[in-house]
Protein chains: 2
Amino acid sequence: MTQEKSEFLKGTLDMLILKVVALGPIHGYAISQRIQQISRDFFQVHQGSLYPALHRLEDRGWLQAEWKDTDTGREAKFYTLTRRGRKQLEAELLNWERLSDAVALILRTAE
Amino acid sequence: MTQEKSEFLKGTLDMLILKVVALGPIHGYAISQRIQQISRDFFQVHQGSLYPALHRLEDRGWLQAEWKDTDTGREAKFYTLTRRGRKQLEAELLNWERLSDAVALILRTAE
DNA sequence: GCATATAGGTAGGAGTCCTAGGCATAAAGG
DNA sequence: CCTTTATGCCTAGGACTCCTACCTATATGC
């Protein structure tokens with residue numbers, strides 16, 4: 001089955017998560033909602049993508065998790081950026097800029 | 001082993017190939033060189049990515065192949081876009097635009 | 001009492017890209 | 001003449017990411 005979904009994240013998910021977490025402590029479920037909201041529904045982060053990604057980023061030492069209560073009095077895992085996570089975010093931002101510049105170079109080539 | 005290469009194509013390879021082929025009939029090896037040149041060496045399309053991608057695009061009916069002689073008198077498989085390939089390219093261009101816009105929305109979010 | 005939203009998770013498969021190899025011929029350098 | 005390099009095509013296998021489809025549990029709304 002071919003991937004045709006327009007929401008396909010194209011490897012940007014890690015960067016998007018790091019960026020959203022950089023805005024302040026936030027739990028997983030809220031991260032996916034934030035990404036969807038801010039992107040005006042372009043991105044839809046499915047739970048099967050979200051949670052493995054969070055565990056991945058935590059394993060790599062970029063995110064730190066802590067169980068806390070939400071506003072509504074429920075338990076949730078709140079994530080914060082580590083120092084290394086902040087560095088990683090900067091690296092990914094730079095790489096994304098270069099990538100999209102490189103793509104633009106090719107797309108603008110008219111001969 | 002983690003993927004850390006900055007040349008990582010992030011799912012853009014199909015679009016880039018379609019775009020380069022849209023510029024005129026060209027063979028596989030030259031496609032990878034073109035992409036590397038135009039992107040100022042940011043993208044490096046390895047042969048293990050290139051040829052499977054070309055076969056994929058041909059299987060989907062977006063590219064058409066024909067054996068011809070190069071300038072230097074060697075045989076090579078020249079690719080051209082089919083009508084469906086042209087449509088696909090336009091769809092991918094639009095999707096790329098939307099994707100990068102959506103990413104930009106999130107990256108510019110300062111709170 | 002039951003559906004929906006919130007909040008966490010896993011398993012399995014599909015798809016893409018990479019490394020590492022193989023094959024063949026032409027040009028260039030010693 | 002012979003060996004290296006560039007050109008040109010290809011595949012196998014593994015790593016990684018993302019998706020669908022499932023599971024669990026609690027709070028809220030009807």
# chains A, B, ... in the order shown; residues from 1 in each chain; ligands from 1
$ interface_residues --of "chain C" --to "chain A" --cutoff "8 Å" --atoms "only C-alpha atoms (C1' of nucleotides)" --output "compact mmCIF listing (two decimals) with C-alpha atoms (C1' of nucleotides), in the first residue's frame"
# COMPACT_ATOMS: atom_id res chain seq x y z
C1' DT C 6 -8.43 12.58 27.63
C1' DA C 7 -4.13 10.10 28.66
C1' DG C 8 -0.93 6.37 28.32
C1' DG C 9 0.79 2.39 25.71
C1' DA C 14 4.82 -0.84 4.90
C1' DG C 15 7.80 2.33 2.98
$ residues_around --residues "DA6 (chain D)" --least-positions-apart "4" --cutoff "12 Å" --atoms "only C-alpha atoms (C1' of nucleotides)" --output "list in words"
Tyr29 of chain B; DT25, DA26, DA27 and DA28 of chain C
$ write_last_selection --atoms "N, CA and C atoms (P, O5', C5', C4', C3', O3' and C1' of nucleotides)" --output "short mmCIF file (atom, residue, chain, number, x, y, z; two decimals), in the first residue's frame"
data_model
loop_
_atom_site.label_atom_id
_atom_site.label_comp_id
_atom_site.auth_asym_id
_atom_site.auth_seq_id
_atom_site.Cartn_x
_atom_site.Cartn_y
_atom_site.Cartn_z
N TYR B 29 22.15 8.05 -13.77
CA TYR B 29 23.40 8.52 -13.20
C TYR B 29 23.50 10.04 -13.26
P DT C 25 31.81 -5.26 -21.42
"O5'" DT C 25 32.11 -3.71 -21.56
"C5'" DT C 25 31.05 -2.84 -21.98
"C4'" DT C 25 31.50 -1.40 -21.81
"C3'" DT C 25 32.77 -1.04 -22.59
"O3'" DT C 25 32.50 0.14 -23.32
"C1'" DT C 25 32.96 -0.34 -20.35
P DA C 26 33.47 0.58 -24.53
"O5'" DA C 26 33.99 2.00 -24.00
"C5'" DA C 26 33.05 3.00 -23.65
"C4'" DA C 26 33.78 4.14 -22.95
"C3'" DA C 26 35.03 4.63 -23.68
"O3'" DA C 26 34.99 6.04 -23.68
"C1'" DA C 26 35.57 4.01 -21.45
P DA C 27 36.04 6.89 -24.56
"O5'" DA C 27 36.95 7.55 -23.42
"C5'" DA C 27 36.31 8.31 -22.39
"C4'" DA C 27 37.33 8.63 -21.30
"C3'" DA C 27 38.64 9.24 -21.81
"O3'" DA C 27 38.95 10.33 -20.94
"C1'" DA C 27 39.09 7.33 -20.48
P DA C 28 40.13 11.37 -21.35
"O5'" DA C 28 41.14 11.28 -20.11
"C5'" DA C 28 40.66 10.79 -18.84
"C4'" DA C 28 41.86 10.42 -17.97
"C3'" DA C 28 43.18 11.01 -18.45
"O3'" DA C 28 43.92 11.42 -17.31
"C1'" DA C 28 43.36 8.67 -18.35
#
$ residues_around --residues "DC2 (chain C)" --least-positions-apart "6" --cutoff "12 Å" --atoms "only C-alpha atoms (C1' of nucleotides)" --output "mmCIF file with all heavy atoms, in the first residue's frame"
data_model
loop_
_atom_site.group_PDB
_atom_site.id
_atom_site.type_symbol
_atom_site.label_atom_id
_atom_site.label_comp_id
_atom_site.auth_asym_id
_atom_site.auth_seq_id
_atom_site.Cartn_x
_atom_site.Cartn_y
_atom_site.Cartn_z
ATOM 1 P P DT D 28 -14.156 15.703 35.615
ATOM 2 O OP1 DT D 28 -13.505 17.008 35.834
ATOM 3 O OP2 DT D 28 -14.927 15.039 36.699
ATOM 4 O "O5'" DT D 28 -15.112 15.827 34.343
ATOM 5 C "C5'" DT D 28 -14.528 16.091 33.059
ATOM 6 C "C4'" DT D 28 -15.592 15.915 31.977
ATOM 7 O "O4'" DT D 28 -15.833 14.513 31.731
ATOM 8 C "C3'" DT D 28 -16.952 16.530 32.344
ATOM 9 O "O3'" DT D 28 -17.333 17.401 31.289
ATOM 10 C "C2'" DT D 28 -17.871 15.314 32.495
ATOM 11 C "C1'" DT D 28 -17.209 14.312 31.552
ATOM 12 N N1 DT D 28 -17.485 12.870 31.824
ATOM 13 C C2 DT D 28 -17.917 12.072 30.778
ATOM 14 O O2 DT D 28 -18.086 12.481 29.651
ATOM 15 N N3 DT D 28 -18.126 10.748 31.122
ATOM 16 C C4 DT D 28 -17.959 10.165 32.359
ATOM 17 O O4 DT D 28 -18.183 8.973 32.534
ATOM 18 C C5 DT D 28 -17.518 11.060 33.402
ATOM 19 C C7 DT D 28 -17.299 10.533 34.789
ATOM 20 C C6 DT D 28 -17.299 12.358 33.094
ATOM 21 P P DG D 29 -18.659 18.365 31.434
ATOM 22 O OP1 DG D 29 -18.260 19.726 30.975
ATOM 23 O OP2 DG D 29 -19.251 18.176 32.779
ATOM 24 O "O5'" DG D 29 -19.640 17.734 30.344
ATOM 25 C "C5'" DG D 29 -19.097 17.264 29.100
ATOM 26 C "C4'" DG D 29 -20.192 16.573 28.293
ATOM 27 O "O4'" DG D 29 -20.291 15.171 28.683
ATOM 28 C "C3'" DG D 29 -21.586 17.159 28.481
ATOM 29 O "O3'" DG D 29 -22.262 17.129 27.223
ATOM 30 C "C2'" DG D 29 -22.238 16.225 29.500
ATOM 31 C "C1'" DG D 29 -21.606 14.884 29.133
ATOM 32 N N9 DG D 29 -21.480 13.939 30.238
ATOM 33 C C8 DG D 29 -21.137 14.206 31.540
ATOM 34 N N7 DG D 29 -21.082 13.135 32.301
ATOM 35 C C5 DG D 29 -21.422 12.093 31.442
ATOM 36 C C6 DG D 29 -21.537 10.694 31.695
ATOM 37 O O6 DG D 29 -21.345 10.093 32.750
ATOM 38 N N1 DG D 29 -21.899 9.996 30.531
ATOM 39 C C2 DG D 29 -22.122 10.570 29.310
ATOM 40 N N2 DG D 29 -22.463 9.751 28.331
ATOM 41 N N3 DG D 29 -22.023 11.884 29.062
ATOM 42 C C4 DG D 29 -21.670 12.571 30.172
ATOM 43 P P DC D 30 -23.668 17.897 27.032
ATOM 44 O OP1 DC D 30 -23.597 18.616 25.748
ATOM 45 O OP2 DC D 30 -24.008 18.618 28.278
ATOM 46 O "O5'" DC D 30 -24.682 16.670 26.875
ATOM 47 C "C5'" DC D 30 -24.505 15.736 25.804
ATOM 48 C "C4'" DC D 30 -25.424 14.542 25.998
ATOM 49 O "O4'" DC D 30 -24.949 13.748 27.112
ATOM 50 C "C3'" DC D 30 -26.870 14.925 26.324
ATOM 51 O "O3'" DC D 30 -27.760 14.382 25.356
ATOM 52 C "C2'" DC D 30 -27.128 14.321 27.708
ATOM 53 C "C1'" DC D 30 -26.065 13.239 27.813
ATOM 54 N N1 DC D 30 -25.632 12.976 29.217
ATOM 55 C C2 DC D 30 -25.532 11.643 29.660
ATOM 56 O O2 DC D 30 -25.803 10.731 28.882
ATOM 57 N N3 DC D 30 -25.138 11.403 30.947
ATOM 58 C C4 DC D 30 -24.847 12.425 31.755
ATOM 59 N N4 DC D 30 -24.463 12.138 33.001
ATOM 60 C C5 DC D 30 -24.940 13.782 31.323
ATOM 61 C C6 DC D 30 -25.336 14.008 30.062
#
$ select_by_dssp --residues "region 11-99 of chain A" --states "alpha helix (DSSP H)" --output "MDAnalysis selection string"
chainID A and resid 13:22 28:38 47:59 83:99
$ write_last_selection --atoms "C-alpha atoms" --output "PDB file, in the first residue's frame"
ATOM      1  CA  LEU A  13       8.304  14.861  13.832  1.00  0.00           C
ATOM      2  CA  ASP A  14      11.281  14.869  16.181  1.00  0.00           C
ATOM      3  CA  MET A  15      12.038  18.498  15.401  1.00  0.00           C
ATOM      4  CA  LEU A  16       8.408  19.514  15.837  1.00  0.00           C
ATOM      5  CA  ILE A  17       8.148  17.758  19.183  1.00  0.00           C
ATOM      6  CA  LEU A  18      11.379  19.306  20.432  1.00  0.00           C
ATOM      7  CA  LYS A  19      10.172  22.728  19.327  1.00  0.00           C
ATOM      8  CA  VAL A  20       6.812  22.404  21.059  1.00  0.00           C
ATOM      9  CA  VAL A  21       8.382  21.095  24.243  1.00  0.00           C
ATOM     10  CA  ALA A  22      10.832  24.011  24.120  1.00  0.00           C
ATOM     11  CA  GLY A  28       2.330  13.871  25.193  1.00  0.00           C
ATOM     12  CA  TYR A  29      -1.312  14.099  24.351  1.00  0.00           C
ATOM     13  CA  ALA A  30      -1.149  17.885  24.451  1.00  0.00           C
ATOM     14  CA  ILE A  31       1.914  17.897  22.206  1.00  0.00           C
ATOM     15  CA  SER A  32       0.016  16.200  19.413  1.00  0.00           C
ATOM     16  CA  GLN A  33      -2.869  18.616  19.834  1.00  0.00           C
ATOM     17  CA  ARG A  34      -0.554  21.630  19.797  1.00  0.00           C
ATOM     18  CA  ILE A  35       1.163  20.464  16.637  1.00  0.00           C
ATOM     19  CA  GLN A  36      -2.164  19.931  14.944  1.00  0.00           C
ATOM     20  CA  GLN A  37      -3.547  23.277  16.068  1.00  0.00           C
ATOM     21  CA  ILE A  38      -0.523  25.387  15.200  1.00  0.00           C
ATOM     22  CA  GLN A  47      -0.667   8.137  18.898  1.00  0.00           C
ATOM     23  CA  GLY A  48       1.207   5.295  17.241  1.00  0.00           C
ATOM     24  CA  SER A  49       3.722   7.873  16.021  1.00  0.00           C
ATOM     25  CA  LEU A  50       3.650  10.131  19.044  1.00  0.00           C
ATOM     26  CA  TYR A  51       4.470   7.835  21.942  1.00  0.00           C
ATOM     27  CA  PRO A  52       7.259   5.875  20.255  1.00  0.00           C
ATOM     28  CA  ALA A  53       8.762   9.211  19.225  1.00  0.00           C
ATOM     29  CA  LEU A  54       8.625  10.529  22.787  1.00  0.00           C
ATOM     30  CA  HIS A  55      10.299   7.409  24.125  1.00  0.00           C
ATOM     31  CA  ARG A  56      12.921   7.674  21.408  1.00  0.00           C
ATOM     32  CA  LEU A  57      13.699  11.287  22.287  1.00  0.00           C
ATOM     33  CA  GLU A  58      13.829  10.444  25.964  1.00  0.00           C
ATOM     34  CA  ASP A  59      16.142   7.485  25.344  1.00  0.00           C
ATOM     35  CA  ARG A  83      20.424  20.736  27.676  1.00  0.00           C
ATOM     36  CA  ARG A  84      21.344  18.214  25.021  1.00  0.00           C
ATOM     37  CA  GLY A  85      17.799  18.398  23.713  1.00  0.00           C
ATOM     38  CA  ARG A  86      18.147  22.123  23.239  1.00  0.00           C
ATOM     39  CA  LYS A  87      21.331  21.564  21.263  1.00  0.00           C
ATOM     40  CA  GLN A  88      19.645  18.905  19.205  1.00  0.00           C
ATOM     41  CA  LEU A  89      16.766  21.229  18.420  1.00  0.00           C
ATOM     42  CA  GLU A  90      19.162  23.896  17.195  1.00  0.00           C
ATOM     43  CA  ALA A  91      20.938  21.351  15.019  1.00  0.00           C
ATOM     44  CA  GLU A  92      17.660  20.174  13.547  1.00  0.00           C
ATOM     45  CA  LEU A  93      16.488  23.712  12.895  1.00  0.00           C
ATOM     46  CA  LEU A  94      19.699  24.453  11.026  1.00  0.00           C
ATOM     47  CA  ASN A  95      19.442  21.246   9.059  1.00  0.00           C
ATOM     48  CA  TRP A  96      15.823  21.907   8.176  1.00  0.00           C
ATOM     49  CA  GLU A  97      16.738  25.344   6.895  1.00  0.00           C
ATOM     50  CA  ARG A  98      19.490  23.909   4.744  1.00  0.00           C
ATOM     51  CA  LEU A  99      17.272  21.123   3.517  1.00  0.00           C
TER      52      LEU A  99
END
$ interface_residues --of "chain D" --to "chain A" --cutoff "9 Å" --atoms "only C-alpha atoms (C1' of nucleotides)" --output "ChimeraX atom specification"
/D:17-20,26-27
$ atom_distance --atom1 "CA of Glu111 (chain B)" --atom2 "CA of Gly24 (chain A)"
8.8 Å
$ closest_residue --among "A:Phe43, A:Asp71, A:Gln64, A:Leu81" --to "chain B" --atoms "only C-alpha atoms"
A:Phe43
$ decode --residues "chain C" --atoms "C-alpha atoms (C1' of nucleotides)" --output "mmCIF file, in the first residue's frame"
data_model
loop_
_atom_site.group_PDB
_atom_site.id
_atom_site.type_symbol
_atom_site.label_atom_id
_atom_site.label_comp_id
_atom_site.auth_asym_id
_atom_site.auth_seq_id
_atom_site.Cartn_x
_atom_site.Cartn_y
_atom_site.Cartn_z
ATOM 1 C "C1'" DG C 1 -25.801 3.890 32.191
ATOM 2 C "C1'" DC C 2 -23.115 4.779 28.026
ATOM 3 C "C1'" DA C 3 -20.493 7.391 24.681
ATOM 4 C "C1'" DT C 4 -16.813 10.542 24.065
ATOM 5 C "C1'" DA C 5 -12.586 12.900 25.241
ATOM 6 C "C1'" DT C 6 -8.427 12.576 27.625
ATOM 7 C "C1'" DA C 7 -4.126 10.098 28.664
ATOM 8 C "C1'" DG C 8 -0.933 6.374 28.323
ATOM 9 C "C1'" DG C 9 0.786 2.395 25.711
ATOM 10 C "C1'" DT C 10 2.344 -1.809 22.164
ATOM 11 C "C1'" DA C 11 2.661 -4.900 17.851
ATOM 12 C "C1'" DG C 12 3.202 -5.535 13.211
ATOM 13 C "C1'" DG C 13 3.762 -4.083 8.704
ATOM 14 C "C1'" DA C 14 4.823 -0.843 4.897
ATOM 15 C "C1'" DG C 15 7.804 2.335 2.979
ATOM 16 C "C1'" DT C 16 12.237 4.826 2.293
ATOM 17 C "C1'" DC C 17 17.057 5.289 2.567
ATOM 18 C "C1'" DC C 18 21.596 3.660 3.500
ATOM 19 C "C1'" DT C 19 25.799 0.577 3.264
ATOM 20 C "C1'" DA C 20 27.971 -2.691 0.799
ATOM 21 C "C1'" DG C 21 28.474 -5.265 -2.538
ATOM 22 C "C1'" DG C 22 28.436 -6.820 -8.037
ATOM 23 C "C1'" DC C 23 28.891 -6.140 -13.220
ATOM 24 C "C1'" DA C 24 30.618 -3.797 -17.413
ATOM 25 C "C1'" DT C 25 32.961 -0.342 -20.346
ATOM 26 C "C1'" DA C 26 35.571 4.009 -21.454
ATOM 27 C "C1'" DA C 27 39.092 7.325 -20.477
ATOM 28 C "C1'" DA C 28 43.365 8.670 -18.349
ATOM 29 C "C1'" DG C 29 47.818 8.091 -16.224
ATOM 30 C "C1'" DG C 30 51.884 5.584 -15.358
#
